$ cat data00.cif   # mmCIF, C-alpha atoms and all ligand atoms
data_structure
#
loop_
_atom_site.label_atom_id
_atom_site.label_comp_id
_atom_site.auth_asym_id
_atom_site.auth_seq_id
_atom_site.Cartn_x
_atom_site.Cartn_y
_atom_site.Cartn_z
CA MET L 289 0.00 0.00 0.00
CA LEU L 290 1.23 3.51 -0.74
CA VAL L 291 0.06 6.63 1.10
CA THR L 292 0.84 10.08 -0.32
CA GLY L 293 0.83 12.91 2.22
CA ALA L 294 1.90 10.30 4.78
CA ALA L 295 3.47 12.84 7.13
CA GLY L 296 0.32 14.96 7.28
CA PHE L 297 -2.55 14.89 9.75
CA ILE L 298 -4.78 12.27 8.12
CA GLY L 299 -2.08 10.43 6.15
CA SER L 300 -0.05 9.62 9.27
CA HIS L 301 -3.09 8.14 11.03
CA LEU L 302 -3.96 6.16 7.90
CA CYS L 303 -0.45 4.67 7.76
CA GLU L 304 -0.75 3.50 11.36
CA ARG L 305 -4.13 1.91 10.74
CA LEU L 306 -2.84 0.05 7.65
CA LEU L 307 0.22 -1.16 9.57
CA ALA L 308 -1.99 -2.33 12.45
CA ASP L 309 -4.02 -4.28 9.87
CA GLY L 310 -0.79 -6.07 8.88
CA HIS L 311 -0.03 -4.32 5.58
CA GLN L 312 3.34 -3.23 4.25
CA VAL L 313 3.11 0.54 3.79
CA VAL L 314 5.19 2.96 1.74
CA GLY L 315 4.71 6.55 2.88
CA VAL L 316 5.48 9.46 0.54
CA ASP L 317 5.65 13.13 1.50
CA SER L 318 7.63 16.20 0.42
CA TYR L 319 7.32 17.99 3.79
CA THR L 320 5.90 21.17 2.30
CA ASP L 321 6.59 24.15 4.55
CA TYR L 322 2.92 25.12 4.95
CA TYR L 323 3.31 24.10 8.57
CA GLU L 324 6.31 22.94 10.62
CA ARG L 325 8.36 20.06 9.30
CA ALA L 326 9.01 19.08 12.93
CA ASP L 327 5.24 18.53 13.42
CA LYS L 328 5.16 16.24 10.40
CA GLU L 329 8.22 14.31 11.54
CA ARG L 330 6.51 13.78 14.90
CA ASN L 331 3.37 12.61 13.11
CA LEU L 332 5.42 9.89 11.43
CA GLU L 333 7.19 8.57 14.53
CA PRO L 334 4.72 5.77 15.38
CA ALA L 335 4.66 4.48 11.78
CA ARG L 336 8.44 4.64 11.51
CA ALA L 337 8.70 2.41 14.60
CA ASN L 338 6.94 -0.35 12.65
CA SER L 339 9.14 -2.58 10.46
CA GLY L 340 6.37 -2.79 7.85
CA PHE L 341 6.78 0.91 7.08
CA SER L 342 9.16 2.62 4.69
CA PHE L 343 9.25 6.30 3.84
CA GLU L 344 10.27 8.23 0.74
CA GLU L 345 10.73 11.98 0.95
CA LEU L 346 9.73 13.00 -2.54
CA ASP L 347 7.66 15.54 -4.36
CA LEU L 348 4.90 14.07 -6.52
CA VAL L 349 5.30 16.83 -9.09
CA ASP L 350 8.85 16.07 -10.19
CA ALA L 351 9.92 12.73 -8.69
CA ASP L 352 10.19 9.47 -10.57
CA LEU L 353 7.48 7.52 -8.78
CA ARG L 354 8.04 4.13 -10.40
CA ALA L 355 10.31 2.68 -7.71
CA ALA L 356 7.96 3.76 -4.90
CA LEU L 357 4.98 2.26 -6.75
CA ASP L 358 6.68 -1.04 -7.55
CA GLY L 359 4.54 -3.92 -6.24
CA VAL L 360 1.92 -1.56 -4.74
CA LYS L 361 -1.70 -2.72 -4.97
CA VAL L 362 -3.50 0.24 -3.43
CA VAL L 363 -2.62 3.94 -3.59
CA PHE L 364 -4.17 6.33 -1.06
CA HIS L 365 -3.65 9.83 -2.44
CA LEU L 366 -3.87 12.34 0.41
CA ALA L 367 -1.02 14.73 -0.44
CA ASP L 368 -2.25 18.22 -1.12
CA GLN L 369 -2.14 21.88 -0.20
CA SER L 370 -5.16 22.47 2.04
CA ALA L 371 -6.80 25.60 3.48
CA VAL L 372 -9.53 27.74 2.02
CA ARG L 373 -8.35 31.05 3.46
CA SER L 374 -4.87 31.03 1.95
CA SER L 375 -5.89 29.84 -1.50
CA TRP L 376 -6.51 33.38 -2.79
CA GLY L 377 -3.95 35.68 -4.38
CA SER L 378 -0.45 34.58 -5.26
CA HIS L 379 -0.68 31.45 -3.06
CA PHE L 380 -2.99 29.99 -5.68
CA ASP L 381 -0.02 28.71 -7.70
CA ARG L 382 0.84 26.40 -4.88
CA PHE L 383 -2.68 24.96 -4.81
CA VAL L 384 -2.58 24.29 -8.52
CA ARG L 385 0.85 22.67 -8.16
CA ASP L 386 0.26 20.42 -5.16
CA ASN L 387 -3.38 19.58 -5.83
CA VAL L 388 -3.79 19.46 -9.61
CA VAL L 389 -0.33 18.94 -11.13
CA ALA L 390 0.79 16.51 -8.38
CA THR L 391 -2.35 14.42 -8.92
CA GLN L 392 -1.84 14.36 -12.68
CA ARG L 393 1.79 13.21 -12.26
CA LEU L 394 0.73 10.47 -9.86
CA LEU L 395 -1.98 9.29 -12.26
CA GLU L 396 0.52 9.23 -15.14
CA ALA L 397 2.82 7.00 -13.07
CA VAL L 398 -0.02 4.79 -11.85
CA LYS L 399 -1.43 4.18 -15.33
CA GLU L 400 1.67 2.13 -16.14
CA MET L 401 1.18 -0.03 -13.04
CA PRO L 402 -1.27 -2.86 -12.34
CA ILE L 403 -2.77 -1.33 -9.20
CA GLY L 404 -6.08 -2.53 -7.74
CA ARG L 405 -7.38 0.80 -6.41
CA LEU L 406 -6.57 4.49 -6.14
CA VAL L 407 -8.41 6.23 -3.29
CA TYR L 408 -8.42 10.00 -3.71
CA ALA L 409 -8.98 12.24 -0.67
CA SER L 410 -11.32 14.92 -1.98
CA SER L 411 -13.17 17.50 0.07
CA SER L 412 -16.59 18.89 0.93
CA ALA L 413 -15.15 22.16 -0.44
CA VAL L 414 -16.08 20.97 -3.95
CA TYR L 415 -19.76 21.65 -3.12
CA GLY L 416 -19.39 25.31 -2.15
CA ASP L 417 -22.79 26.65 -1.06
CA ALA L 418 -24.57 23.43 -1.91
CA GLU L 419 -28.06 23.45 -3.33
CA MET L 420 -29.19 20.91 -0.71
CA SER L 421 -28.25 20.24 2.89
CA PRO L 422 -27.44 17.57 3.94
CA THR L 423 -25.62 17.37 0.63
CA ARG L 424 -25.74 14.26 -1.50
CA GLU L 425 -22.98 13.33 -3.93
CA ASN L 426 -25.18 14.09 -6.95
CA ALA L 427 -25.49 17.78 -5.96
CA LEU L 428 -23.93 20.02 -8.58
CA PRO L 429 -20.39 20.83 -7.41
CA ARG L 430 -19.97 24.59 -7.28
CA PRO L 431 -16.83 25.41 -5.30
CA ILE L 432 -16.67 28.94 -3.92
CA SER L 433 -12.95 28.91 -3.06
CA PRO L 434 -9.87 28.47 -5.25
CA TYR L 435 -8.94 25.54 -2.95
CA GLY L 436 -12.26 23.79 -3.62
CA MET L 437 -11.82 24.35 -7.34
CA THR L 438 -8.43 22.59 -7.31
CA LYS L 439 -9.83 19.66 -5.30
CA LEU L 440 -12.65 19.30 -7.83
CA ALA L 441 -10.18 19.50 -10.72
CA ALA L 442 -8.09 16.72 -9.16
CA GLU L 443 -11.20 14.61 -8.60
CA TYR L 444 -12.15 15.01 -12.27
CA LEU L 445 -8.60 14.15 -13.29
CA ALA L 446 -8.69 10.92 -11.30
CA LEU L 447 -12.04 9.95 -12.81
CA LEU L 448 -10.99 10.78 -16.37
CA TYR L 449 -7.85 8.65 -15.96
CA MET L 450 -10.14 5.85 -14.86
CA ARG L 451 -12.28 6.29 -17.97
CA ASN L 452 -9.35 6.43 -20.37
CA PHE L 453 -6.85 4.06 -18.76
CA GLY L 454 -8.91 1.87 -16.47
CA ILE L 455 -7.34 3.02 -13.18
CA PRO L 456 -9.86 1.90 -10.53
CA VAL L 457 -10.49 5.19 -8.75
CA VAL L 458 -12.75 6.14 -5.85
CA ALA L 459 -13.01 9.74 -4.62
CA LEU L 460 -13.95 10.39 -1.00
CA ARG L 461 -15.24 13.80 -0.01
CA TYR L 462 -14.09 14.36 3.55
CA PHE L 463 -16.00 16.79 5.79
CA THR L 464 -14.06 18.78 8.46
CA VAL L 465 -11.77 16.16 9.95
CA TYR L 466 -10.56 16.65 13.52
CA GLY L 467 -8.60 14.84 16.23
CA PRO L 468 -4.99 14.55 17.41
CA ARG L 469 -2.42 16.04 14.95
CA GLN L 470 -5.02 18.28 13.30
CA ARG L 471 -3.36 20.85 11.03
CA PRO L 472 -2.59 24.02 13.01
CA ASP L 473 -4.55 26.24 10.60
CA MET L 474 -7.82 24.36 11.18
CA ALA L 475 -10.55 25.81 13.38
CA LEU L 476 -10.38 23.43 16.36
CA ALA L 477 -6.59 23.53 16.48
CA ARG L 478 -6.71 27.34 16.48
CA PHE L 479 -9.46 27.39 19.11
CA MET L 480 -7.49 25.09 21.42
CA GLN L 481 -4.30 27.09 20.94
CA ALA L 482 -6.14 30.31 21.86
CA LEU L 483 -7.91 28.71 24.83
CA ALA L 484 -4.72 27.21 26.26
CA THR L 485 -2.88 30.52 26.01
CA ASN L 486 -5.75 32.58 27.39
CA GLN L 487 -6.33 34.43 24.11
CA GLU L 488 -9.62 35.34 22.52
CA ILE L 489 -10.86 32.75 20.07
CA GLU L 490 -11.29 34.26 16.64
CA VAL L 491 -14.47 33.09 14.93
CA PHE L 492 -14.97 33.97 11.28
CA GLY L 493 -18.58 35.09 10.75
CA ASP L 494 -21.36 34.80 13.34
CA GLY L 495 -20.50 31.22 14.35
CA GLU L 496 -23.84 29.93 13.09
CA GLN L 497 -22.25 28.19 10.10
CA ALA L 498 -22.86 24.43 10.32
CA ARG L 499 -20.15 21.83 9.86
CA ASP L 500 -20.10 18.06 9.87
CA PHE L 501 -17.14 17.30 12.13
CA THR L 502 -15.65 13.90 11.37
CA TYR L 503 -13.32 12.26 13.86
CA ILE L 504 -9.99 11.05 12.50
CA SER L 505 -10.48 7.34 13.24
CA ASP L 506 -13.84 7.43 11.45
CA VAL L 507 -12.42 9.06 8.33
CA VAL L 508 -9.53 6.58 8.32
CA ASP L 509 -11.96 3.69 8.67
CA GLY L 510 -14.04 4.89 5.70
CA THR L 511 -10.88 5.39 3.65
CA VAL L 512 -9.69 1.84 4.34
CA LYS L 513 -13.14 0.46 3.49
CA ALA L 514 -13.12 2.35 0.17
CA ALA L 515 -10.03 0.38 -0.87
CA GLY L 516 -11.70 -2.97 -0.37
CA ARG L 517 -15.26 -2.57 -1.66
CA ALA L 518 -16.64 -2.60 -5.21
CA VAL L 519 -16.85 1.18 -5.51
CA SER L 520 -14.65 2.04 -8.50
CA GLY L 521 -15.81 5.19 -10.24
CA GLN L 522 -17.82 6.36 -7.22
CA VAL L 523 -17.68 9.66 -5.39
CA ILE L 524 -18.61 9.19 -1.72
CA ASN L 525 -19.08 11.61 1.19
CA LEU L 526 -17.50 10.85 4.56
CA GLY L 527 -19.12 13.13 7.13
CA GLY L 528 -19.33 12.82 10.91
CA GLY L 529 -23.07 12.39 10.85
CA SER L 530 -24.35 15.36 12.83
CA ARG L 531 -24.88 19.02 12.02
CA VAL L 532 -23.15 21.29 14.51
CA THR L 533 -22.62 25.04 14.41
CA ILE L 534 -19.29 26.58 15.35
CA ASN L 535 -20.99 28.19 18.37
CA GLN L 536 -22.16 24.75 19.52
CA VAL L 537 -18.65 23.38 19.09
CA LEU L 538 -17.30 26.18 21.26
CA ALA L 539 -19.87 25.38 23.96
CA THR L 540 -18.78 21.72 23.90
CA LEU L 541 -15.12 22.74 24.00
CA GLU L 542 -15.88 24.84 27.07
CA GLU L 543 -17.39 21.79 28.79
CA VAL L 544 -14.56 19.47 27.74
CA SER L 545 -11.76 21.81 28.78
CA GLY L 546 -13.40 23.24 31.86
CA MET L 547 -12.18 26.64 30.66
CA GLN L 548 -14.17 29.69 29.74
CA VAL L 549 -14.18 30.59 26.07
CA ARG L 550 -13.73 34.23 25.17
CA LYS L 551 -14.49 34.79 21.52
CA ARG L 552 -14.23 37.57 19.02
CA ASN L 553 -16.20 37.51 15.78
CA LEU L 554 -14.38 38.53 12.62
CA PRO L 555 -15.87 39.04 9.15
CA ALA L 556 -16.74 35.79 7.37
CA THR L 557 -13.92 34.48 5.19
CA PRO L 558 -14.42 34.59 1.42
CA GLY L 559 -14.66 31.01 0.19
CA ASP L 560 -16.10 29.54 3.40
CA PRO L 561 -19.51 27.99 2.73
CA LYS L 562 -22.35 28.80 5.12
CA HIS L 563 -23.03 25.12 5.70
CA ALA L 564 -21.08 21.93 4.93
CA VAL L 565 -23.20 19.00 6.01
CA ALA L 566 -23.01 15.55 4.42
CA SER L 567 -25.57 13.00 3.45
CA ILE L 568 -23.79 9.76 4.28
CA ASN L 569 -26.33 7.28 2.96
CA LEU L 570 -24.07 6.28 0.08
CA ALA L 571 -21.15 5.55 2.44
CA ARG L 572 -23.50 3.49 4.58
CA GLU L 573 -24.78 1.51 1.60
CA ARG L 574 -21.61 1.07 -0.43
CA LEU L 575 -18.93 0.99 2.27
CA GLY L 576 -20.88 -0.36 5.23
CA TRP L 577 -19.48 2.71 7.03
CA GLU L 578 -20.89 4.54 10.01
CA PRO L 579 -19.19 7.30 11.98
CA ARG L 580 -18.78 6.14 15.59
CA VAL L 581 -17.11 8.92 17.57
CA THR L 582 -19.34 11.62 19.05
CA LEU L 583 -18.24 15.24 18.93
CA ARG L 584 -17.83 15.34 22.71
CA ASP L 585 -15.62 12.23 22.80
CA GLY L 586 -13.60 13.35 19.80
CA LEU L 587 -13.08 16.85 21.20
CA THR L 588 -11.97 15.34 24.51
CA LYS L 589 -9.35 13.24 22.73
CA GLN L 590 -8.07 16.16 20.70
CA TRP L 591 -7.95 18.39 23.78
CA GLU L 592 -5.99 15.74 25.73
CA TRP L 593 -3.56 15.34 22.86
CA PHE L 594 -3.19 19.10 22.58
CA GLN L 595 -2.42 19.44 26.29
CA GLU L 596 0.17 16.66 26.07
CA ALA L 597 1.74 18.31 23.03
CA LEU L 598 2.08 21.49 25.07
CA GLY L 599 3.86 19.47 27.73
CA ARG L 600 1.15 20.08 30.26
CA PRO L 601 -0.65 17.63 32.52
CA VAL L 602 -3.82 16.34 30.89
CA LYS L 603 -6.91 18.01 32.33
CA THR L 604 -10.43 17.42 31.14
CA ALA L 605 -13.68 18.20 32.83
CA GLY L 606 -16.25 15.45 33.24
N1 LIG A 1 -8.29 17.86 7.28
C1 LIG A 1 -9.54 17.98 6.80
O1 LIG A 1 -10.48 18.37 7.47
C2 LIG A 1 -9.80 17.61 5.35
C3 LIG A 1 -11.09 17.88 4.84
C4 LIG A 1 -11.35 17.58 3.51
C5 LIG A 1 -10.37 16.98 2.72
N2 LIG A 1 -9.13 16.73 3.26
C6 LIG A 1 -8.12 16.13 2.39
O2 LIG A 1 -7.38 15.14 3.09
C7 LIG A 1 -6.03 15.16 2.64
C8 LIG A 1 -5.08 15.25 3.85
O3 LIG A 1 -5.36 16.45 4.56
P1 LIG A 1 -4.58 16.84 5.90
O4 LIG A 1 -5.50 17.71 6.70
O5 LIG A 1 -3.99 15.62 6.47
O6 LIG A 1 -3.43 17.79 5.30
P2 LIG A 1 -1.87 17.91 5.66
O7 LIG A 1 -1.42 19.22 5.10
O8 LIG A 1 -1.63 17.65 7.11
O9 LIG A 1 -1.21 16.71 4.83
C9 LIG A 1 -0.92 16.81 3.45
C10 LIG A 1 0.53 16.36 3.23
O10 LIG A 1 0.79 16.37 1.82
C11 LIG A 1 2.15 16.74 1.65
N3 LIG A 1 2.32 17.23 0.27
C12 LIG A 1 1.79 18.37 -0.26
N4 LIG A 1 2.19 18.50 -1.55
C13 LIG A 1 2.97 17.43 -1.83
C14 LIG A 1 3.66 17.02 -3.00
N5 LIG A 1 3.67 17.76 -4.13
N6 LIG A 1 4.37 15.86 -2.96
C15 LIG A 1 4.40 15.11 -1.81
N7 LIG A 1 3.78 15.46 -0.67
C16 LIG A 1 3.06 16.62 -0.68
C17 LIG A 1 2.41 17.79 2.71
O11 LIG A 1 3.79 17.90 3.04
C18 LIG A 1 1.55 17.29 3.88
O12 LIG A 1 2.35 16.56 4.82
C19 LIG A 1 -5.90 16.31 1.66
O13 LIG A 1 -5.97 15.84 0.35
C20 LIG A 1 -7.11 17.18 1.98
O14 LIG A 1 -7.61 17.91 0.87
C21 LIG A 1 -8.82 17.06 4.54
#

$ encode --input "data00.cif" --output "structure tokens" --more "lines below"
Ligand SMILES: NC(=O)c1ccc[n+]([C@@H]2O[C@H](COP(=O)([O-])OP(=O)(O)OC[C@H]3O[C@@H](n4cnc5c(N)ncnc54)[C@H](O)[C@@H]3O)[C@@H](O)[C@H]2O)c1
Amino acid sequence: MLVTGAAGFIGSHLCERLLADGHQVVGVDSYTDYYERADKERNLEPARANSGFSFEELDLVDADLRAALDGVKVVFHLADQSAVRSSWGSHFDRFVRDNVVATQRLLEAVKEMPIGRLVYASSSAVYGDAEMSPTRENALPRPISPYGMTKLAAEYLALLYMRNFGIPVVALRYFTVYGPRQRPDMALARFMQALATNQEIEVFGDGEQARDFTYISDVVDGTVKAAGRAVSGQVINLGGGSRVTINQVLATLEEVSGMQVRKRNLPATPGDPKHAVASINLARERLGWEPRVTLRDGLTKQWEWFQEALGRPVKTAG
């Protein structure tokens, strides 16, 4: 099995799950400097301790991928440049490079190989302000951020390589993934950082935007299932299963941490959809998948991890 973006938040957890299932895993990552390399190296430590794991530091855009792909049956493609807010302006080049060009180069390499499945990590950002909520996979994708546009372009690329070259592709649209190792730019990671350092929590917009928070072990479980089921050519949502507003998340974080949240509302960010809520019926039917971790339990785990990462004693309320 090969995992791109293996040193990232979700990729590192996926590697560990595959190793625990007894697979040999090749991890690939270029350690982009979007956030600290040291964080990514720490993410990889548990996988590196397993003899079934090997790691290649390489950039999908310009590396020769044939050696890494040799003998691989399943490719999990998670490498990308994430973040809606920074995808405007001159940063856009980076999103095109690491999301669209990198995916095309990987597909070119894979089309020469007899792989059994390519699982592409897409995003709820492809929907934009969706015409229906909860959003089903057949809703017209209308991204409202440059980031979402590049994720949709990469999804289309994967599916057109399937049509033309028979690569068995499945695209998973992840909804707001959270848990230990969450990227530092993501909302919960920022909220916890502010809370722990007694700063005001900055909330973009009025906090009434709804999100479908999906705990890391659930998203990993759905991703593993997508490699083993007859779902080639499908696009499938993986969402945590409950609609929660940012204000509700902050109330739960207050309970979990036992600390008082002080928040400051900032103007809504261009590119952030009002709601991002998944219909997960297709994942239930085709993958036999069900999210299991409640928001309260997941937030507790992320808060405990965050406290440990700060080198503080773990403290949770209740
Ligand atoms: N985290 C979420 O809530 C979320 C939501 C929807 C979709 N996703 C998707 O899941 C995937 C993983 O997200 P994450 O939050 O773990 O992000 P992350 O930034 O932690 O991990 C991505 C990794 O890809 C690597 N990478 C980037 N460009 C590369 C290249 N050209 N060659 C090799 N490696 C490269 C980076 O160094 C990074 O370690 C992404 O495709 C993302 O779009 C994540």

$ atom_distance --input "data00.cif" --atom1 "atom CA of L:Cys303" --atom2 "atom CA of L:Ser433"
29.3 Å

$ axis_aligned_box --input "data00.cif" --around "stretch 449-460 of chain L" --padding-each-side "8 Å" --output "AutoDock Vina command-line options"
--center_x -10.4 --center_y 6.1 --center_z -10.7 --size_x 23.1 --size_y 24.5 --size_z 35.4

$ residues_around --input "data00.cif" --residues "stretch 307-314 of chain L" --least-positions-apart "2" --cutoff "6 Å" --atoms "all atoms listed in the file" --output "list in words"
Met289, Leu290, Glu304, Arg305, Gly340, Phe341, Ser342 and Phe343 of chain L

$ closest_atom_pairs --input "data00.cif" --of "chain L" --to "ligand LIG 1 (chain A)" --cutoff "8 Å" --atoms "all atoms listed in the file" --output "CSV"
residue,atom,partner,partner_atom,distance
L:Thr292,CA,A:LIG1,N7,6.1
L:Gly293,CA,A:LIG1,O10,3.5
L:Ala294,CA,A:LIG1,O12,6.3
L:Ala295,CA,A:LIG1,O12,4.5
L:Gly296,CA,A:LIG1,O8,3.3
L:Phe297,CA,A:LIG1,O5,3.7
L:Ile298,CA,A:LIG1,O5,3.8
L:Gly299,CA,A:LIG1,O5,5.5
L:Ser300,CA,A:LIG1,O5,7.7
L:Val316,CA,A:LIG1,C15,6.2
L:Asp317,CA,A:LIG1,N7,3.7
L:Ser318,CA,A:LIG1,N7,4.1
L:Tyr319,CA,A:LIG1,O11,3.6
L:Thr320,CA,A:LIG1,O11,4.0
L:Asp321,CA,A:LIG1,O11,7.0
L:Tyr322,CA,A:LIG1,O7,7.3
L:Tyr323,CA,A:LIG1,O7,7.6
L:Lys328,CA,A:LIG1,O12,6.3
L:Glu345,CA,A:LIG1,C15,7.6
L:Leu346,CA,A:LIG1,C15,5.8
L:Asp347,CA,A:LIG1,N6,3.6
L:Leu348,CA,A:LIG1,N6,4.0
L:Val349,CA,A:LIG1,N5,5.3
L:His365,CA,A:LIG1,O13,7.0
L:Leu366,CA,A:LIG1,O13,4.1
L:Ala367,CA,A:LIG1,O10,3.3
L:Asp368,CA,A:LIG1,C12,4.1
L:Gln369,CA,A:LIG1,C12,5.3
L:Ser370,CA,A:LIG1,O14,5.3
L:Arg385,CA,A:LIG1,N5,6.9
L:Asp386,CA,A:LIG1,N5,4.4
L:Asn387,CA,A:LIG1,N4,7.1
L:Ala390,CA,A:LIG1,N5,5.3
L:Tyr408,CA,A:LIG1,O13,7.5
L:Ala409,CA,A:LIG1,O13,4.8
L:Ser410,CA,A:LIG1,C5,5.2
L:Ser411,CA,A:LIG1,C5,3.9
L:Ser412,CA,A:LIG1,C4,6.0
L:Ala413,CA,A:LIG1,C4,7.1
L:Lys439,CA,A:LIG1,O14,6.8
L:Arg461,CA,A:LIG1,C5,6.4
L:Tyr462,CA,A:LIG1,C4,4.2
L:Phe463,CA,A:LIG1,C3,5.1
L:Thr464,CA,A:LIG1,O1,3.7
L:Val465,CA,A:LIG1,O1,3.6
L:Tyr466,CA,A:LIG1,O1,6.3
L:Gln470,CA,A:LIG1,O4,6.6
L:Arg471,CA,A:LIG1,O8,5.3
L:Met474,CA,A:LIG1,O1,7.5
L:Thr502,CA,A:LIG1,O1,7.9

$ atom_distance --input "data00.cif" --atom1 "atom CA of L:Arg451" --atom2 "atom CA of L:Arg393"
16.7 Å

$ atom_distance --input "data00.cif" --atom1 "atom CA of L:Ser375" --atom2 "atom CA of L:Pro456"
29.6 Å

$ closest_residue --input "data00.cif" --among "L:Arg550, L:Arg574, L:Arg469, L:His563" --to "L:Gln595" --atoms "all atoms listed in the file"
L:Arg469

$ closest_residue --input "data00.cif" --among "L:Arg405, L:Lys562, L:Arg517, L:Arg499" --to "L:Lys361" --atoms "all atoms listed in the file"
L:Arg405

$ closest_residue --input "data00.cif" --among "L:Val414, L:Ile489, L:Ala355, L:Leu587" --to "L:Ser545" --atoms "only C-alpha atoms"
L:Leu587

$ residues_around --input "data00.cif" --residues "L:Asn486" --least-positions-apart "6" --cutoff "10 Å" --atoms "all atoms listed in the file" --output "PyMOL selection string"
chain L and resi 480+547-550

$ residues_around --input "data00.cif" --residues "L:Ala482" --least-positions-apart "5" --cutoff "12 Å" --atoms "only C-alpha atoms" --output "list in words"
Pro472, Ala475, Leu476, Ala477, Gln487, Glu488, Ile489, Glu490, Val491, Leu538, Leu541, Met547, Gln548, Val549, Arg550, Lys551, Arg552 and Phe594 of chain L

$ closest_residue --input "data00.cif" --among "L:Ser530, L:Ile524, L:Glu542, L:Trp591" --to "L:Asn569" --atoms "all atoms listed in the file"
L:Ile524

$ closest_residue --input "data00.cif" --among "L:Ser339, L:Val384, L:Ala514, L:Val398" --to "L:Arg354" --atoms "all atoms listed in the file"
L:Val398

$ closest_residue --input "data00.cif" --among "L:Thr540, L:Ile403, L:Asp509, L:Ala597" --to "L:Gln481" --atoms "all atoms listed in the file"
L:Ala597

$ residues_around --input "data00.cif" --residues "L:Pro431" --least-positions-apart "6" --cutoff "10 Å" --atoms "all atoms listed in the file" --output "list in words"
Ser412, Ala413, Val414, Tyr415, Gly416, Asp417, Ala418, Met437, Thr438, Lys439, Leu440, Gly559, Asp560 and Pro561 of chain L

$ residues_around --input "data00.cif" --residues "L:Thr511" --least-positions-apart "2" --cutoff "9 Å" --atoms "all atoms listed in the file" --output "list of chain:residue names"
L:Leu302, L:Phe364, L:Val407, L:Ala409, L:Leu460, L:Asp506, L:Val507, L:Val508, L:Asp509, L:Lys513, L:Ala514, L:Ala515, L:Leu526
